[in-house]
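A.B. asks: The following block contains the structure, expressed as C-alpha cells.
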Amino acid sequence: MMTADPNLYDYWPYRDRPKIVWPGEKKLAFWIAPNIEFYEFDPPVNPKRPGWPRPAPDVVGYSQRDWGNRVGHWRLMELMDKYALRGSVSLNVALCQHHPEIIEACVARDWEFFSHGIYNTRYSYEMDEAQERAVIEDSIRTVQDATGQRIRGYLAPALTHTPRTMDLIAEYDFWYTCDLFQDDQPQPLKTRSGKLVSMPYSLEVNDVITYGALAMTPTRYADVLKRHFDQLLAEGAQSGTVMCIPLHAYLVSQPHRIGPFEEALKYIAAHKDEVWFATAAEIAGHFRENYWDQSLADIEARGCKRAGTGFDDAAA
Amino acid sequence: MMPLPENHLHYPHRRHGMDQSLYDWRPSGERTPINWPGGKALAAMIVVPVEWHRLSPQGKPFRHPGAMVTPWPDLRHYTTRDYGNRVGVFRLLDALAAAGVKATFPVNATLLERAQPLIEAITDADHEIAAYGLEADRIHWSGLEAGEEERWIGETREAFANAGLNPRVWMSPARQQSFNTLKLIAEHGFDVCLDWEQDSVPVPMRTPSGEVTAVPLYNELDDRTLLVDRRQSEDEWADQILEAARLMISETPRTGGQVLSFSLTPYVSGQPFRMHAVRRVLEALAGNDGVWSASASEIASAAR
C-alpha cells in the first residue's frame, strides 16, 4: 500500500514555538552544504529512474560534473576559506576511492562529512532492507576509514527514499537527516528507535533549483540568498532559525557565477554577532541536547501529537 | 477514411449570447456600475489556498498543481508543500496583519483537524475561511461516478461543520468543476464561488438550487504560475499586481468598481526570500485610498 501521509513528523505551527537560542546568543544557525558527488559514466539503470537524462554516456552531463571535482570544488574551497566558513559535505562516499585528494583537502579544513549515498547515479528506489542497510553501513565505514569521522547525517542519493530510510538511519545512530523540507527549524522525527532530527536544508535556495528550475541569473541568486538570510535572521529573534546553502560546485563555481555568489557569502559572513556559523552535526547535536524534549512537549501541548511512527500507516 | 460524425457540423447553441445557461452575456460597457463601500474604486481579494497534497495522488483526471512529481515516496515534494502549511502561511498571516489587510483562505477539509492551530490563527485574525473540497487530490470533474461528487461536497460541508465553521464560499480543488458542481454546492449552502473568472466584477450564476455569485480570481496573476512555472522574479510579480490595481482604478469613472484578485500560495510566496515582495504588494494596496481590501463574501454581498 502506498501511504498517503508519511507521518514522519507531527504538524507544528511556526508561530509561538518555545524559543531556541543558538550558542553565543545567536539567532540564526548558518551552514553550507557543498555536495561532493560522483556520477558514474555507465551506471546500472534503476527501474524507476535512469541515471542520466540522455542515454549513457551523457557526455556533457558527465564531464560537467567531473569539472566540478577537478576545478569547481577547489575554487569553492578557496572562497569559503576567505570567509572562514566550514562546509558540511554531502558526500557520495565512493568519492573517497575516486578522488581522495578532495577528501584530504576537506579534512585539512576540519569540514564535516555526511552521506549522500555511494554514487549519485544509484537510487534507493526498489531496494530491499538488506540493500539499504548495506548502503548505510558502507557509508559509515568508508568515511570512517578515509577521515576518521563517524558520519551523523544523511541525504539520500538524488533525494530517493524508501519507507524504511528514516527508521534505518535512526537505528544506526545518525543524528540528522537533510531529506525533509517542511521547516526552517529542526524538529524531532518519529522513528522506531534513535533520536533523529530533521535538519533544515533550504532546498528552495539550492543552486540546482535556483540556477536550473528557477532559471536565476547569478546576480539574482545572490539577491535571493541575501533576502532569504534577512528574513530568517529577523525571525530568529523570536526563536532560532536555520539557514543552509546547498551547493554543487559544477554549478556555483562556474566562472560567471562565483563572483556574484561571493557577494552573498560576504554579506552573510559580515553578520558575525547574530549568526552561529556551524556544521550540520553541531546544529543537530545542540538541538538534540537542548531542545528535543521541549519541542515534543510543545507539539503535544498544542494538540498536534499523532500516534505512530513514519510509514507505519497509523495515520492512514 | 470516415468523415467526422454529423454533429461536428451541427451547432445547436449558435445564437446571441452564451452557449450555456449558467449566466448571461454582458459586455463590460453594459454593466450597471458597482459602487464599493466607502466609495472605493477597486475591491482587492487576496486568496491564500491551504492545500494538502497526499504522498500517493491518483491524479485523476489530472495532477493538481503542486502534486507529487517523482516515484513514491516523493518526500521532497510532500515536505516542500507541507512547509507552506506549517511555516509559510504564518509569514503570510504576519504580513497581512502588518498591512491590516483581510484575506480569504480556501482550506482543504482534510486539514481542518490536522492543522487545527492554523485554522484558529486564520479565524482569530478575522480572515474568511472558504471550503476548498476534501483535498488537492479530489478533483471535481464530469467523469466522476454518479453520486461521488455530491458525497464529496457533503463530506466537505460536514467536516467544516464539525470544526465549528459554516463557510458560504466555495473553491474547487484545482478550480476544476463538473457540469453539476455549481448546483451541488448551492444545494449544500454555498452561495459564493471562486472557480470562475469571466468578468472583472462578480457575476450571478443560475442553478436549480439558487444563485451562486462568482467572484473572479485571476489565473494570470497566480503566484505559483508566475513565480515557479514561468520563473518570473518576485519584483516582476509584485509590479504586475500593482499595475493591475493602477489600471483598474484609472478605469473606474467609466467602468465602475472592479475586482483585483490574486493568490498567495503559502509554499510559494511564503518562502523567506519572497516575503519582501509580498510585503510590498500588501503595503501598497493597504496604503492606496482607492482600494477596498475585502473578503470574497464581502465582495459578493456588496455587488448584489
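Chain lettering (A, B, ...) mirrors the order of the C-alpha cells, residue numbering begins at 1 for each chain separately, and ligand numbering begins at 1 in order of display.
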If you run DSSP on this backbone, which residues of stretch 245-298 of chain B come out as helix (DSSP H, G or I), and could you give them as an MDAnalysis selection string?

C.D. replies: chainID B and resid 245:255 266:269 272:286 296:298

A.B. asks: Up to 8 Å from chain A, what residues of chain B turn up? Count only C-alpha atoms and give them as number ranges by chain.

C.D. replies: B: 54-57, 71-76, 79-87, 90, 114-115, 117-118, 228, 231, 271-276

A.B. asks: Residues within 6 Å of stretch 103-120 of chain A, please, as JSON, numbers by chain. Count only C-alpha atoms; anything in the same chain fewer than 3 positions from it doesn't count.

C.D. replies: {"A": [38, 39, 86, 87, 88, 89, 90, 91, 92, 93, 94, 100, 151, 153, 154, 155, 156, 157, 158]}

A.B. asks: Write a file of the selected residues as a PDB file, in the first residue's frame, keeping C-alpha atoms.

C.D. replies:
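Generated output (selection-v8.pdb):
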```pdb
ATOM      1  CA  PHE A  38      30.382  11.258  -8.276  1.00  0.00           C
ATOM      2  CA  TYR A  39      28.107  10.465 -11.188  1.00  0.00           C
ATOM      3  CA  ARG A  86      33.494  25.418   7.101  1.00  0.00           C
ATOM      4  CA  GLY A  87      31.479  23.046   4.970  1.00  0.00           C
ATOM      5  CA  SER A  88      29.294  20.107   5.886  1.00  0.00           C
ATOM      6  CA  VAL A  89      29.924  17.886   2.910  1.00  0.00           C
ATOM      7  CA  SER A  90      27.073  15.984   1.310  1.00  0.00           C
ATOM      8  CA  LEU A  91      29.258  13.138   0.081  1.00  0.00           C
ATOM      9  CA  ASN A  92      28.799  10.366  -2.430  1.00  0.00           C
ATOM     10  CA  VAL A  93      31.117   8.177  -0.422  1.00  0.00           C
ATOM     11  CA  ALA A  94      32.706   6.441  -3.433  1.00  0.00           C
ATOM     12  CA  PRO A 100      40.920  11.169  -2.082  1.00  0.00           C
ATOM     13  CA  ILE A 151      29.127  10.357   9.986  1.00  0.00           C
ATOM     14  CA  GLY A 153      23.937  12.929   8.837  1.00  0.00           C
ATOM     15  CA  TYR A 154      22.172  11.636   5.747  1.00  0.00           C
ATOM     16  CA  LEU A 155      20.803  12.945   2.492  1.00  0.00           C
ATOM     17  CA  ALA A 156      19.503  10.145   0.314  1.00  0.00           C
ATOM     18  CA  PRO A 157      21.226   9.949  -3.089  1.00  0.00           C
ATOM     19  CA  ALA A 158      19.348  12.165  -5.566  1.00  0.00           C
TER      20      ALA A 158
END
```

A.B. asks: For the atom pair atom CA of B:Pro266 and atom CA of B:Gly88, what is the interatomic distance in Å to one decimal place?

C.D. replies: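 Between atom CA of B:Pro266 and atom CA of B:Gly88 the gap works out to 4.9 Å.
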
A.B. asks: I want to know what sits within 9 Å of stretch 294-297 of chain A, based on only C-alpha atoms, with residues of the same chain fewer than 4 positions away left out; could you give that as a PDB file with all heavy atoms, in the first residue's frame?

C.D. replies:
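That gives us result-v1.pdb:
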```
ATOM      1  N   ARG A  17       6.283  29.033  18.903  1.00  0.00           N
ATOM      2  CA  ARG A  17       7.034  27.868  19.387  1.00  0.00           C
ATOM      3  C   ARG A  17       7.929  28.289  20.555  1.00  0.00           C
ATOM      4  O   ARG A  17       8.310  29.458  20.642  1.00  0.00           O
ATOM      5  CB  ARG A  17       7.919  27.304  18.265  1.00  0.00           C
ATOM      6  CG  ARG A  17       7.133  26.617  17.182  1.00  0.00           C
ATOM      7  CD  ARG A  17       8.068  26.049  16.114  1.00  0.00           C
ATOM      8  NE  ARG A  17       7.309  25.502  14.999  1.00  0.00           N
ATOM      9  CZ  ARG A  17       7.847  25.126  13.842  1.00  0.00           C
ATOM     10  NH1 ARG A  17       9.147  25.242  13.651  1.00  0.00           N
ATOM     11  NH2 ARG A  17       7.086  24.640  12.889  1.00  0.00           N
ATOM     12  N   PRO A  18       8.283  27.336  21.437  1.00  0.00           N
ATOM     13  CA  PRO A  18       9.228  27.688  22.500  1.00  0.00           C
ATOM     14  C   PRO A  18      10.552  28.138  21.886  1.00  0.00           C
ATOM     15  O   PRO A  18      10.960  27.655  20.833  1.00  0.00           O
ATOM     16  CB  PRO A  18       9.379  26.380  23.285  1.00  0.00           C
ATOM     17  CG  PRO A  18       8.857  25.304  22.403  1.00  0.00           C
ATOM     18  CD  PRO A  18       7.874  25.929  21.465  1.00  0.00           C
ATOM     19  N   GLN A 187      13.349  19.642  13.914  1.00  0.00           N
ATOM     20  CA  GLN A 187      12.223  19.009  14.607  1.00  0.00           C
ATOM     21  C   GLN A 187      12.538  17.530  14.804  1.00  0.00           C
ATOM     22  O   GLN A 187      13.107  16.887  13.922  1.00  0.00           O
ATOM     23  CB  GLN A 187      10.927  19.154  13.781  1.00  0.00           C
ATOM     24  CG  GLN A 187       9.716  18.481  14.444  1.00  0.00           C
ATOM     25  CD  GLN A 187       8.408  18.734  13.701  1.00  0.00           C
ATOM     26  OE1 GLN A 187       8.363  19.538  12.769  1.00  0.00           O
ATOM     27  NE2 GLN A 187       7.353  18.048  14.106  1.00  0.00           N
ATOM     28  N   PRO A 188      12.144  16.965  15.980  1.00  0.00           N
ATOM     29  CA  PRO A 188      12.336  15.521  16.165  1.00  0.00           C
ATOM     30  C   PRO A 188      11.496  14.734  15.163  1.00  0.00           C
ATOM     31  O   PRO A 188      10.352  15.105  14.888  1.00  0.00           O
ATOM     32  CB  PRO A 188      11.809  15.280  17.590  1.00  0.00           C
ATOM     33  CG  PRO A 188      11.845  16.610  18.261  1.00  0.00           C
ATOM     34  CD  PRO A 188      11.586  17.612  17.183  1.00  0.00           C
ATOM     35  N   ASN A 290      19.568  20.139  23.775  1.00  0.00           N
ATOM     36  CA  ASN A 290      18.887  21.229  24.476  1.00  0.00           C
ATOM     37  C   ASN A 290      17.415  21.421  24.156  1.00  0.00           C
ATOM     38  O   ASN A 290      16.689  21.989  24.957  1.00  0.00           O
ATOM     39  CB  ASN A 290      19.608  22.552  24.187  1.00  0.00           C
ATOM     40  CG  ASN A 290      21.039  22.531  24.687  1.00  0.00           C
ATOM     41  OD1 ASN A 290      21.272  22.703  25.878  1.00  0.00           O
ATOM     42  ND2 ASN A 290      21.973  22.281  23.788  1.00  0.00           N
ATOM     43  N   ALA A 301       1.431  19.674  23.712  1.00  0.00           N
ATOM     44  CA  ALA A 301       0.604  20.671  24.406  1.00  0.00           C
ATOM     45  C   ALA A 301      -0.340  21.383  23.443  1.00  0.00           C
ATOM     46  O   ALA A 301      -1.416  21.836  23.830  1.00  0.00           O
ATOM     47  CB  ALA A 301       1.500  21.685  25.112  1.00  0.00           C
ATOM     48  N   ARG A 302       0.053  21.492  22.189  1.00  0.00           N
ATOM     49  CA  ARG A 302      -0.785  22.186  21.217  1.00  0.00           C
ATOM     50  C   ARG A 302      -1.746  21.238  20.500  1.00  0.00           C
ATOM     51  O   ARG A 302      -2.393  21.623  19.531  1.00  0.00           O
ATOM     52  CB  ARG A 302       0.116  22.923  20.223  1.00  0.00           C
ATOM     53  CG  ARG A 302       0.923  23.987  20.964  1.00  0.00           C
ATOM     54  CD  ARG A 302       1.987  24.608  20.121  1.00  0.00           C
ATOM     55  NE  ARG A 302       1.438  25.663  19.286  1.00  0.00           N
ATOM     56  CZ  ARG A 302       2.175  26.588  18.672  1.00  0.00           C
ATOM     57  NH1 ARG A 302       3.486  26.580  18.804  1.00  0.00           N
ATOM     58  NH2 ARG A 302       1.611  27.506  17.933  1.00  0.00           N
ATOM     59  N   LYS A 305       0.092  16.223  18.487  1.00  0.00           N
ATOM     60  CA  LYS A 305       0.750  14.908  18.519  1.00  0.00           C
ATOM     61  C   LYS A 305      -0.176  13.837  17.963  1.00  0.00           C
ATOM     62  O   LYS A 305      -1.348  13.743  18.356  1.00  0.00           O
ATOM     63  CB  LYS A 305       1.145  14.559  19.944  1.00  0.00           C
ATOM     64  CG  LYS A 305       1.926  13.262  20.021  1.00  0.00           C
ATOM     65  CD  LYS A 305       2.372  12.941  21.435  1.00  0.00           C
ATOM     66  CE  LYS A 305       2.991  11.538  21.459  1.00  0.00           C
ATOM     67  NZ  LYS A 305       3.507  11.219  22.780  1.00  0.00           N
TER      68      LYS A 305
END
```

A.B. asks: Can you tell me which residues surround B:Leu282 at a distance of at most 12 Å, considering only C-alpha atoms, apart from same-chain residues fewer than 6 positions away, and format the answer as a PyMOL selection string?

C.D. replies: chain B and resi 44-46+92-103+238-239+241-242+245+262+264+275-276+288+291+293

A.B. asks: In terms of the shortest atom-to-atom distance over only C-alpha atoms, which of B:Ile119, B:Asp195, B:Thr181, B:Pro202 is closest to B:Ala163?

C.D. replies: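 Smallest distance to B:Ala163 is found for B:Ile119.
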
A.B. asks: From a backbone DSSP assignment, name each residue in stretch 38-125 of chain A labelled strand (DSSP E or B), as a ChimeraX atom specification.

C.D. replies: /A:46,49,87-91,112-115

A.B. asks: How about saving the chosen residues, N, CA, C and O atoms kept, as a compact mmCIF listing (two decimals), in the first residue's frame?

C.D. replies:
```
# COMPACT_ATOMS: atom_id res chain seq x y z
N ASN A 46 18.28 2.03 -12.85
CA ASN A 46 17.23 1.73 -11.86
C ASN A 46 15.89 1.66 -12.58
O ASN A 46 15.62 2.48 -13.46
N ARG A 49 14.08 5.04 -12.50
CA ARG A 49 14.69 6.28 -13.00
C ARG A 49 16.06 6.00 -13.56
O ARG A 49 16.92 5.43 -12.88
N GLY A 87 32.56 23.74 5.67
CA GLY A 87 31.48 23.05 4.97
C GLY A 87 31.03 21.81 5.72
O GLY A 87 31.78 21.24 6.51
N SER A 88 29.78 21.42 5.47
CA SER A 88 29.29 20.11 5.89
C SER A 88 29.03 19.39 4.57
O SER A 88 28.09 19.73 3.86
N VAL A 89 29.90 18.43 4.26
CA VAL A 89 29.92 17.89 2.91
C VAL A 89 28.88 16.80 2.73
O VAL A 89 28.85 15.81 3.46
N SER A 90 28.02 17.00 1.73
CA SER A 90 27.07 15.98 1.31
C SER A 90 27.83 15.10 0.33
O SER A 90 28.06 15.48 -0.81
N LEU A 91 28.24 13.92 0.81
CA LEU A 91 29.26 13.14 0.08
C LEU A 91 28.72 11.85 -0.53
O LEU A 91 28.17 11.01 0.17
N GLU A 112 32.91 18.84 8.01
CA GLU A 112 32.14 17.66 8.38
C GLU A 112 31.73 16.90 7.11
O GLU A 112 31.54 17.51 6.05
N PHE A 113 31.55 15.59 7.24
CA PHE A 113 31.03 14.79 6.13
C PHE A 113 29.72 14.12 6.55
O PHE A 113 29.60 13.66 7.69
N PHE A 114 28.77 14.10 5.63
CA PHE A 114 27.61 13.23 5.84
C PHE A 114 27.34 12.46 4.56
O PHE A 114 27.86 12.82 3.49
N SER A 115 26.56 11.39 4.65
CA SER A 115 26.40 10.51 3.49
C SER A 115 25.33 11.01 2.54
O SER A 115 24.23 11.38 2.95
```

A.B. asks: Residues near stretch 128-132 of chain B, anyone? I mean within 10 Å using only C-alpha atoms, not counting same-chain ones fewer than 2 positions away, as a PyMOL selection string.

C.D. replies: chain B and resi 47-51+102-110+119+122-123+125-126+134-136+153+156-157+159-160+165-175+190+192-194+294-298
